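Dropping data.cif in here (mmCIF, N, CA and C atoms):
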data_run
#
loop_
_atom_site.group_PDB
_atom_site.id
_atom_site.type_symbol
_atom_site.label_atom_id
_atom_site.label_comp_id
_atom_site.auth_asym_id
_atom_site.auth_seq_id
_atom_site.Cartn_x
_atom_site.Cartn_y
_atom_site.Cartn_z
ATOM 1 N N VAL A 896 -2.283 21.144 -15.276
ATOM 2 C CA VAL A 896 -1.739 19.849 -15.646
ATOM 3 C C VAL A 896 -2.418 19.338 -16.915
ATOM 4 N N GLY A 897 -3.708 19.550 -17.048
ATOM 5 C CA GLY A 897 -4.410 19.135 -18.252
ATOM 6 C C GLY A 897 -4.844 17.687 -18.257
ATOM 7 N N GLY A 898 -4.761 16.998 -17.154
ATOM 8 C CA GLY A 898 -5.168 15.603 -17.060
ATOM 9 C C GLY A 898 -5.346 15.218 -15.608
ATOM 10 N N PRO A 899 -5.652 13.936 -15.350
ATOM 11 C CA PRO A 899 -5.817 13.497 -13.957
ATOM 12 C C PRO A 899 -4.539 13.713 -13.154
ATOM 13 N N PHE A 900 -4.714 14.035 -11.890
ATOM 14 C CA PHE A 900 -3.590 14.267 -10.994
ATOM 15 C C PHE A 900 -3.602 13.175 -9.934
ATOM 16 N N VAL A 901 -2.490 12.473 -9.770
ATOM 17 C CA VAL A 901 -2.402 11.334 -8.874
ATOM 18 C C VAL A 901 -1.385 11.612 -7.780
ATOM 19 N N VAL A 902 -1.760 11.289 -6.536
ATOM 20 C CA VAL A 902 -0.840 11.363 -5.414
ATOM 21 C C VAL A 902 -0.393 9.938 -5.123
ATOM 22 N N GLY A 903 0.899 9.689 -5.153
ATOM 23 C CA GLY A 903 1.411 8.351 -4.910
ATOM 24 C C GLY A 903 2.619 8.355 -4.003
ATOM 25 N N VAL A 904 2.640 9.208 -3.014
ATOM 26 C CA VAL A 904 3.808 9.335 -2.151
ATOM 27 C C VAL A 904 3.640 8.627 -0.819
ATOM 28 N N GLY A 905 2.549 7.945 -0.636
ATOM 29 C CA GLY A 905 2.295 7.257 0.618
ATOM 30 C C GLY A 905 1.339 8.039 1.488
ATOM 31 N N CYS A 906 0.389 7.348 2.046
ATOM 32 C CA CYS A 906 -0.620 7.982 2.895
ATOM 33 C C CYS A 906 -0.599 7.326 4.262
ATOM 34 N N PRO A 907 -0.076 8.006 5.275
ATOM 35 C CA PRO A 907 -0.027 7.410 6.605
ATOM 36 C C PRO A 907 -1.364 7.402 7.330
ATOM 37 N N GLY A 908 -2.324 8.201 6.874
ATOM 38 C CA GLY A 908 -3.616 8.248 7.552
ATOM 39 C C GLY A 908 -4.657 8.987 6.737
ATOM 40 N N PRO A 909 -5.909 8.960 7.211
ATOM 41 C CA PRO A 909 -7.011 9.581 6.468
ATOM 42 C C PRO A 909 -6.838 11.072 6.225
ATOM 43 N N GLY A 910 -6.108 11.770 7.081
ATOM 44 C CA GLY A 910 -5.927 13.206 6.894
ATOM 45 C C GLY A 910 -5.266 13.547 5.576
ATOM 46 N N VAL A 911 -4.366 12.684 5.111
ATOM 47 C CA VAL A 911 -3.696 12.915 3.833
ATOM 48 C C VAL A 911 -4.704 12.841 2.691
ATOM 49 N N LEU A 912 -5.655 11.924 2.783
ATOM 50 C CA LEU A 912 -6.685 11.824 1.748
ATOM 51 C C LEU A 912 -7.526 13.087 1.693
ATOM 52 N N ALA A 913 -7.886 13.615 2.855
ATOM 53 C CA ALA A 913 -8.690 14.839 2.898
ATOM 54 C C ALA A 913 -7.918 16.006 2.293
ATOM 55 N N ARG A 914 -6.635 16.129 2.642
ATOM 56 C CA ARG A 914 -5.826 17.218 2.077
ATOM 57 C C ARG A 914 -5.655 17.049 0.568
ATOM 58 N N ALA A 915 -5.454 15.812 0.117
ATOM 59 C CA ALA A 915 -5.297 15.566 -1.311
ATOM 60 C C ALA A 915 -6.571 15.940 -2.060
ATOM 61 N N SER A 916 -7.710 15.572 -1.505
ATOM 62 C CA SER A 916 -8.988 15.921 -2.133
ATOM 63 C C SER A 916 -9.166 17.432 -2.175
ATOM 64 N N GLY A 917 -8.837 18.101 -1.085
ATOM 65 C CA GLY A 917 -8.943 19.556 -1.042
ATOM 66 C C GLY A 917 -8.009 20.247 -2.010
ATOM 67 N N ALA A 918 -6.887 19.601 -2.326
ATOM 68 C CA ALA A 918 -5.925 20.180 -3.262
ATOM 69 C C ALA A 918 -6.281 19.863 -4.711
ATOM 70 N N GLY A 919 -7.333 19.062 -4.916
ATOM 71 C CA GLY A 919 -7.802 18.787 -6.269
ATOM 72 C C GLY A 919 -7.279 17.521 -6.910
ATOM 73 N N GLU A 920 -6.633 16.644 -6.148
ATOM 74 C CA GLU A 920 -6.143 15.391 -6.728
ATOM 75 C C GLU A 920 -7.316 14.524 -7.157
ATOM 76 N N ASP A 921 -7.127 13.783 -8.247
ATOM 77 C CA ASP A 921 -8.158 12.900 -8.765
ATOM 78 C C ASP A 921 -8.065 11.495 -8.176
ATOM 79 N N LEU A 922 -6.884 11.107 -7.731
ATOM 80 C CA LEU A 922 -6.662 9.745 -7.270
ATOM 81 C C LEU A 922 -5.555 9.742 -6.223
ATOM 82 N N VAL A 923 -5.729 8.961 -5.176
ATOM 83 C CA VAL A 923 -4.710 8.805 -4.142
ATOM 84 C C VAL A 923 -4.422 7.312 -4.011
ATOM 85 N N MET A 924 -3.156 6.943 -4.063
ATOM 86 C CA MET A 924 -2.770 5.544 -3.961
ATOM 87 C C MET A 924 -2.651 5.158 -2.490
ATOM 88 N N LEU A 925 -3.270 4.030 -2.111
ATOM 89 C CA LEU A 925 -3.362 3.632 -0.710
ATOM 90 C C LEU A 925 -2.657 2.316 -0.412
ATOM 91 N N GLY A 926 -1.651 1.955 -1.179
ATOM 92 C CA GLY A 926 -1.010 0.650 -1.016
ATOM 93 C C GLY A 926 -0.601 0.328 0.399
ATOM 94 N N GLY A 927 0.120 1.224 1.053
ATOM 95 C CA GLY A 927 0.595 0.971 2.407
ATOM 96 C C GLY A 927 -0.529 0.904 3.428
ATOM 97 N N MET A 928 -1.565 1.736 3.263
ATOM 98 C CA MET A 928 -2.684 1.722 4.208
ATOM 99 C C MET A 928 -3.469 0.423 4.118
ATOM 100 N N LEU A 929 -3.495 -0.185 2.938
ATOM 101 C CA LEU A 929 -4.287 -1.399 2.746
ATOM 102 C C LEU A 929 -3.450 -2.673 2.829
ATOM 103 N N SER A 930 -2.147 -2.538 2.965
ATOM 104 C CA SER A 930 -1.298 -3.727 3.051
ATOM 105 C C SER A 930 -1.500 -4.420 4.390
ATOM 106 N N GLY A 931 -1.235 -5.702 4.414
ATOM 107 C CA GLY A 931 -1.336 -6.477 5.647
ATOM 108 C C GLY A 931 -2.712 -7.032 5.931
ATOM 109 N N HIS A 932 -3.694 -6.697 5.103
ATOM 110 C CA HIS A 932 -5.051 -7.196 5.303
ATOM 111 C C HIS A 932 -5.267 -8.504 4.543
ATOM 112 N N ASP A 933 -6.371 -9.165 4.863
ATOM 113 C CA ASP A 933 -6.693 -10.437 4.219
ATOM 114 C C ASP A 933 -6.751 -10.322 2.700
ATOM 115 N N GLY A 934 -7.316 -9.250 2.182
ATOM 116 C CA GLY A 934 -7.502 -9.111 0.747
ATOM 117 C C GLY A 934 -6.272 -8.681 -0.018
ATOM 118 N N SER A 935 -5.212 -8.307 0.675
ATOM 119 C CA SER A 935 -3.998 -7.887 -0.029
ATOM 120 C C SER A 935 -3.146 -9.095 -0.371
ATOM 121 N N GLY A 936 -2.292 -8.929 -1.346
ATOM 122 C CA GLY A 936 -1.408 -10.025 -1.739
ATOM 123 C C GLY A 936 -0.333 -10.263 -0.703
ATOM 124 N N GLY A 937 0.401 -11.321 -0.879
ATOM 125 C CA GLY A 937 1.512 -11.623 0.014
ATOM 126 C C GLY A 937 1.218 -12.769 0.950
ATOM 127 N N GLN A 938 2.262 -13.419 1.368
ATOM 128 C CA GLN A 938 2.163 -14.553 2.280
ATOM 129 C C GLN A 938 2.103 -14.069 3.721
ATOM 130 N N VAL A 939 1.333 -14.770 4.548
ATOM 131 C CA VAL A 939 1.341 -14.515 5.987
ATOM 132 C C VAL A 939 2.457 -15.366 6.586
ATOM 133 N N VAL A 940 3.318 -14.735 7.370
ATOM 134 C CA VAL A 940 4.426 -15.445 8.020
ATOM 135 C C VAL A 940 4.394 -15.144 9.516
ATOM 136 N N GLU A 941 4.919 -16.079 10.304
ATOM 137 C CA GLU A 941 4.981 -15.890 11.757
ATOM 138 C C GLU A 941 6.425 -15.707 12.177
ATOM 139 N N ARG A 942 6.660 -14.680 12.990
ATOM 140 C CA ARG A 942 7.985 -14.412 13.533
ATOM 141 C C ARG A 942 7.830 -14.084 15.016
ATOM 142 N N ASP A 943 8.481 -14.842 15.849
ATOM 143 C CA ASP A 943 8.446 -14.617 17.298
ATOM 144 C C ASP A 943 7.013 -14.534 17.831
ATOM 145 N N GLY A 944 6.136 -15.379 17.315
ATOM 146 C CA GLY A 944 4.759 -15.428 17.792
ATOM 147 C C GLY A 944 3.843 -14.360 17.232
ATOM 148 N N LYS A 945 4.332 -13.517 16.337
ATOM 149 C CA LYS A 945 3.505 -12.464 15.730
ATOM 150 C C LYS A 945 3.337 -12.744 14.249
ATOM 151 N N LEU A 946 2.167 -12.377 13.721
ATOM 152 C CA LEU A 946 1.881 -12.592 12.303
ATOM 153 C C LEU A 946 2.222 -11.342 11.494
ATOM 154 N N TYR A 947 2.840 -11.578 10.355
ATOM 155 C CA TYR A 947 3.204 -10.512 9.410
ATOM 156 C C TYR A 947 2.767 -10.941 8.018
ATOM 157 N N LYS A 948 2.606 -9.971 7.150
ATOM 158 C CA LYS A 948 2.301 -10.256 5.759
ATOM 159 C C LYS A 948 3.377 -9.613 4.902
ATOM 160 N N GLN A 949 3.892 -10.377 3.963
ATOM 161 C CA GLN A 949 4.912 -9.852 3.068
ATOM 162 C C GLN A 949 4.258 -8.879 2.093
ATOM 163 N N PHE A 950 4.905 -7.752 1.884
ATOM 164 C CA PHE A 950 4.351 -6.680 1.046
ATOM 165 C C PHE A 950 5.472 -6.108 0.203
ATOM 166 N N TYR A 951 5.200 -5.902 -1.075
ATOM 167 C CA TYR A 951 6.207 -5.289 -1.935
ATOM 168 C C TYR A 951 5.545 -4.371 -2.942
ATOM 169 N N GLY A 952 6.228 -3.287 -3.247
ATOM 170 C CA GLY A 952 5.755 -2.346 -4.248
ATOM 171 C C GLY A 952 6.038 -2.868 -5.649
ATOM 172 N N MET A 953 5.280 -2.414 -6.604
ATOM 173 C CA MET A 953 5.404 -2.927 -7.968
ATOM 174 C C MET A 953 6.669 -2.463 -8.674
ATOM 175 N N SER A 954 7.387 -1.500 -8.123
ATOM 176 C CA SER A 954 8.669 -1.130 -8.729
ATOM 177 C C SER A 954 9.836 -1.723 -7.933
ATOM 178 N N SER A 955 9.535 -2.677 -7.057
ATOM 179 C CA SER A 955 10.587 -3.334 -6.277
ATOM 180 C C SER A 955 11.231 -4.453 -7.092
ATOM 181 N N ALA A 956 12.413 -4.830 -6.689
ATOM 182 C CA ALA A 956 13.099 -5.954 -7.347
ATOM 183 C C ALA A 956 12.264 -7.227 -7.224
ATOM 184 N N THR A 957 11.597 -7.419 -6.097
ATOM 185 C CA THR A 957 10.753 -8.597 -5.888
ATOM 186 C C THR A 957 9.684 -8.699 -6.964
ATOM 187 N N ALA A 958 8.975 -7.603 -7.224
ATOM 188 C CA ALA A 958 7.915 -7.607 -8.239
ATOM 189 C C ALA A 958 8.485 -7.811 -9.635
ATOM 190 N N MET A 959 9.595 -7.155 -9.927
ATOM 191 C CA MET A 959 10.180 -7.294 -11.269
ATOM 192 C C MET A 959 10.634 -8.725 -11.530
ATOM 193 N N HIS A 960 11.211 -9.372 -10.530
ATOM 194 C CA HIS A 960 11.628 -10.763 -10.702
ATOM 195 C C HIS A 960 10.418 -11.674 -10.843
ATOM 196 N N LYS A 961 9.361 -11.388 -10.096
ATOM 197 C CA LYS A 961 8.163 -12.233 -10.142
ATOM 198 C C LYS A 961 7.426 -12.113 -11.471
ATOM 199 N N TYR A 962 7.276 -10.911 -11.987
ATOM 200 C CA TYR A 962 6.446 -10.691 -13.172
ATOM 201 C C TYR A 962 7.224 -10.578 -14.480
ATOM 202 N N ALA A 963 8.486 -10.192 -14.436
ATOM 203 C CA ALA A 963 9.266 -10.042 -15.667
ATOM 204 C C ALA A 963 10.481 -10.964 -15.698
ATOM 205 N N GLY A 964 10.756 -11.623 -14.593
ATOM 206 C CA GLY A 964 11.883 -12.544 -14.548
ATOM 207 C C GLY A 964 13.195 -11.905 -14.130
ATOM 208 N N ARG A 965 13.256 -10.585 -14.151
ATOM 209 C CA ARG A 965 14.487 -9.890 -13.784
ATOM 210 C C ARG A 965 14.223 -8.397 -13.752
ATOM 211 N N VAL A 966 15.197 -7.652 -13.261
ATOM 212 C CA VAL A 966 15.165 -6.196 -13.348
ATOM 213 C C VAL A 966 15.802 -5.841 -14.683
ATOM 214 N N ALA A 967 15.043 -5.169 -15.545
ATOM 215 C CA ALA A 967 15.534 -4.825 -16.880
ATOM 216 C C ALA A 967 16.786 -3.954 -16.785
ATOM 217 N N ASP A 968 17.656 -4.093 -17.763
ATOM 218 C CA ASP A 968 18.923 -3.353 -17.778
ATOM 219 C C ASP A 968 18.740 -1.838 -17.722
ATOM 220 N N TYR A 969 17.657 -1.352 -18.291
ATOM 221 C CA TYR A 969 17.443 0.093 -18.368
ATOM 222 C C TYR A 969 16.695 0.640 -17.141
ATOM 223 N N ARG A 970 16.391 -0.218 -16.161
ATOM 224 C CA ARG A 970 15.621 0.214 -14.994
ATOM 225 C C ARG A 970 16.408 0.045 -13.710
ATOM 226 N N ALA A 971 15.933 0.701 -12.711
ATOM 227 C CA ALA A 971 16.467 0.524 -11.357
ATOM 228 C C ALA A 971 15.307 0.118 -10.457
ATOM 229 N N SER A 972 15.595 -0.696 -9.489
ATOM 230 C CA SER A 972 14.587 -1.067 -8.512
ATOM 231 C C SER A 972 14.348 0.127 -7.599
ATOM 232 N N GLU A 973 13.128 0.664 -7.616
ATOM 233 C CA GLU A 973 12.810 1.839 -6.819
ATOM 234 C C GLU A 973 11.957 1.521 -5.607
ATOM 235 N N GLY A 974 11.263 0.404 -5.657
ATOM 236 C CA GLY A 974 10.343 0.056 -4.574
ATOM 237 C C GLY A 974 11.027 -0.752 -3.500
ATOM 238 N N LYS A 975 10.227 -1.205 -2.551
ATOM 239 C CA LYS A 975 10.785 -1.975 -1.457
ATOM 240 C C LYS A 975 9.930 -3.201 -1.185
ATOM 241 N N ALA A 976 10.529 -4.159 -0.527
ATOM 242 C CA ALA A 976 9.826 -5.363 -0.076
ATOM 243 C C ALA A 976 9.988 -5.420 1.438
ATOM 244 N N VAL A 977 8.874 -5.500 2.154
ATOM 245 C CA VAL A 977 8.897 -5.488 3.612
ATOM 246 C C VAL A 977 7.888 -6.490 4.162
ATOM 247 N N GLU A 978 7.955 -6.728 5.445
ATOM 248 C CA GLU A 978 6.927 -7.480 6.138
ATOM 249 C C GLU A 978 6.180 -6.496 7.025
ATOM 250 N N VAL A 979 4.856 -6.443 6.851
ATOM 251 C CA VAL A 979 4.024 -5.546 7.640
ATOM 252 C C VAL A 979 3.179 -6.370 8.601
ATOM 253 N N THR A 980 2.763 -5.768 9.683
ATOM 254 C CA THR A 980 1.933 -6.450 10.661
ATOM 255 C C THR A 980 0.649 -6.932 9.998
ATOM 256 N N TYR A 981 0.306 -8.190 10.242
ATOM 257 C CA TYR A 981 -0.945 -8.750 9.713
ATOM 258 C C TYR A 981 -2.110 -8.041 10.380
ATOM 259 N N ARG A 982 -3.086 -7.578 9.576
ATOM 260 C CA ARG A 982 -4.154 -6.726 10.100
ATOM 261 C C ARG A 982 -5.544 -7.315 9.957
ATOM 262 N N GLY A 983 -5.689 -8.511 9.404
ATOM 263 C CA GLY A 983 -7.007 -9.139 9.304
ATOM 264 C C GLY A 983 -7.888 -8.507 8.240
ATOM 265 N N PRO A 984 -9.204 -8.475 8.481
ATOM 266 C CA PRO A 984 -10.140 -7.925 7.491
ATOM 267 C C PRO A 984 -9.895 -6.436 7.229
ATOM 268 N N VAL A 985 -10.184 -5.997 6.018
ATOM 269 C CA VAL A 985 -9.927 -4.617 5.615
ATOM 270 C C VAL A 985 -11.040 -3.656 6.059
ATOM 271 N N GLU A 986 -12.222 -4.166 6.391
ATOM 272 C CA GLU A 986 -13.364 -3.302 6.687
ATOM 273 C C GLU A 986 -13.090 -2.268 7.781
ATOM 274 N N PRO A 987 -12.465 -2.612 8.914
ATOM 275 C CA PRO A 987 -12.199 -1.570 9.919
ATOM 276 C C PRO A 987 -11.295 -0.437 9.406
ATOM 277 N N THR A 988 -10.338 -0.764 8.555
ATOM 278 C CA THR A 988 -9.458 0.268 7.995
ATOM 279 C C THR A 988 -10.234 1.161 7.034
ATOM 280 N N ILE A 989 -11.099 0.577 6.219
ATOM 281 C CA ILE A 989 -11.935 1.369 5.306
ATOM 282 C C ILE A 989 -12.834 2.307 6.115
ATOM 283 N N GLN A 990 -13.422 1.807 7.207
ATOM 284 C CA GLN A 990 -14.272 2.657 8.051
ATOM 285 C C GLN A 990 -13.467 3.800 8.667
ATOM 286 N N GLU A 991 -12.223 3.515 9.062
ATOM 287 C CA GLU A 991 -11.353 4.564 9.621
ATOM 288 C C GLU A 991 -11.052 5.632 8.569
ATOM 289 N N ILE A 992 -10.771 5.200 7.340
ATOM 290 C CA ILE A 992 -10.496 6.135 6.253
ATOM 291 C C ILE A 992 -11.724 7.002 5.981
ATOM 292 N N LEU A 993 -12.883 6.367 5.837
ATOM 293 C CA LEU A 993 -14.107 7.117 5.552
ATOM 294 C C LEU A 993 -14.449 8.076 6.690
ATOM 295 N N GLY A 994 -14.284 7.625 7.941
ATOM 296 C CA GLY A 994 -14.544 8.502 9.081
ATOM 297 C C GLY A 994 -13.618 9.699 9.104
ATOM 298 N N GLY A 995 -12.343 9.477 8.783
ATOM 299 C CA GLY A 995 -11.383 10.582 8.743
ATOM 300 C C GLY A 995 -11.704 11.607 7.669
ATOM 301 N N VAL A 996 -12.122 11.123 6.512
ATOM 302 C CA VAL A 996 -12.486 12.034 5.420
ATOM 303 C C VAL A 996 -13.763 12.798 5.789
ATOM 304 N N ARG A 997 -14.754 12.089 6.376
ATOM 305 C CA ARG A 997 -15.983 12.775 6.802
ATOM 306 C C ARG A 997 -15.674 13.847 7.848
ATOM 307 N N SER A 998 -14.808 13.523 8.790
ATOM 308 C CA SER A 998 -14.453 14.471 9.830
ATOM 309 C C SER A 998 -13.789 15.718 9.249
ATOM 310 N N ALA A 999 -12.952 15.526 8.248
ATOM 311 C CA ALA A 999 -12.275 16.657 7.619
ATOM 312 C C ALA A 999 -13.235 17.562 6.864
ATOM 313 N N CYS A 1000 -14.385 17.018 6.493
ATOM 314 C CA CYS A 1000 -15.364 17.793 5.712
ATOM 315 C C CYS A 1000 -16.345 18.555 6.595
ATOM 316 N N THR A 1001 -16.226 18.420 7.899
ATOM 317 C CA THR A 1001 -17.200 19.096 8.779
ATOM 318 C C THR A 1001 -16.587 20.336 9.399
#
Hey, can you dump this file as structure tokens for me?
Amino acid sequence: VGGPFVVGVGCPGPGVLARASGAGEDLVMLGGMLSGHDGSGGQVVERDGKLYKQFYGMSSATAMHKYAGRVADYRASEGKAVEVTYRGPVEPTIQEILGGVRSACT
């Protein structure tokens, strides 16, 4: 490739990070794994007694309207806007990720 290699297809769990590292990737995008936590963007909303956090990808129509005012004529909205379960502090998820990567290395 001749430059940094990035995995951005979504990571459902720590095992994907371990495989990506083993395959030589330089960077793995963790947007979905980190969404819904206190430190992530988005509003917390309540539906039927459960808390959710609004989450959208940067190539979604939501992001384009928020940051550029519209979806440019030459682009298509590729991302999505969803509500994910509110997950509180991010530290337990980070510990789960680190534990999964450590486990894969043993």
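Our summary of the geometry notes that CA of Lys975 (chain A) is positioned 7.6 Å from CA of Ser954 (chain A).
Nearest residue to Glu978 (chain A) among A:Leu946, A:Leu993, A:Leu929, A:Leu912 is A:Leu946, counting all atoms listed in the file.
Near Ala999 (chain A), within a cut-off of 8 Å and counting all atoms listed in the file, sit the residues Pro909, Gly910, Ala913, Arg914, Leu993, Gly994, Gly995, Val996, Arg997 and Thr1001 of chain A, with same-chain residues fewer than 2 positions away left out.
In the backbone-derived DSSP annotation, alpha helix (DSSP H) within region 927-975 of chain A comprises Gly927, Met928, Leu929, Ala956, Thr957, Ala958, Met959, His960, Lys961, Tyr962 and Ala963 of chain A.
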Please give the complete set of residues from chain A that DSSP, run on the backbone, assigns to strand (DSSP E or B), formatted as a PyMOL selection string. chain A and resi 901-902+922-923+932+939-942+945-951+976-980+983
Output of the PyMOL selection byres (((chain A and resi 979-985 and name CA) around 9) and name CA), listed as a list in words: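 On this input, the PyMOL selection byres (((chain A and resi 979-985 and name CA) around 9) and name CA) captures Leu929, Ser930, Gly931, His932, Asp933, Gly934, Ser935, Val939, Val940, Lys945, Leu946, Tyr947, Lys948, Gln949, Phe950, Val977, Glu978, Glu986, Pro987, Thr988, Ile989 and Gln990 of chain A.
For the atom pair formed by CA of Met924 (chain A) and atom N of Gln938 (chain A), the distance is 20.3 Å, given to one decimal.
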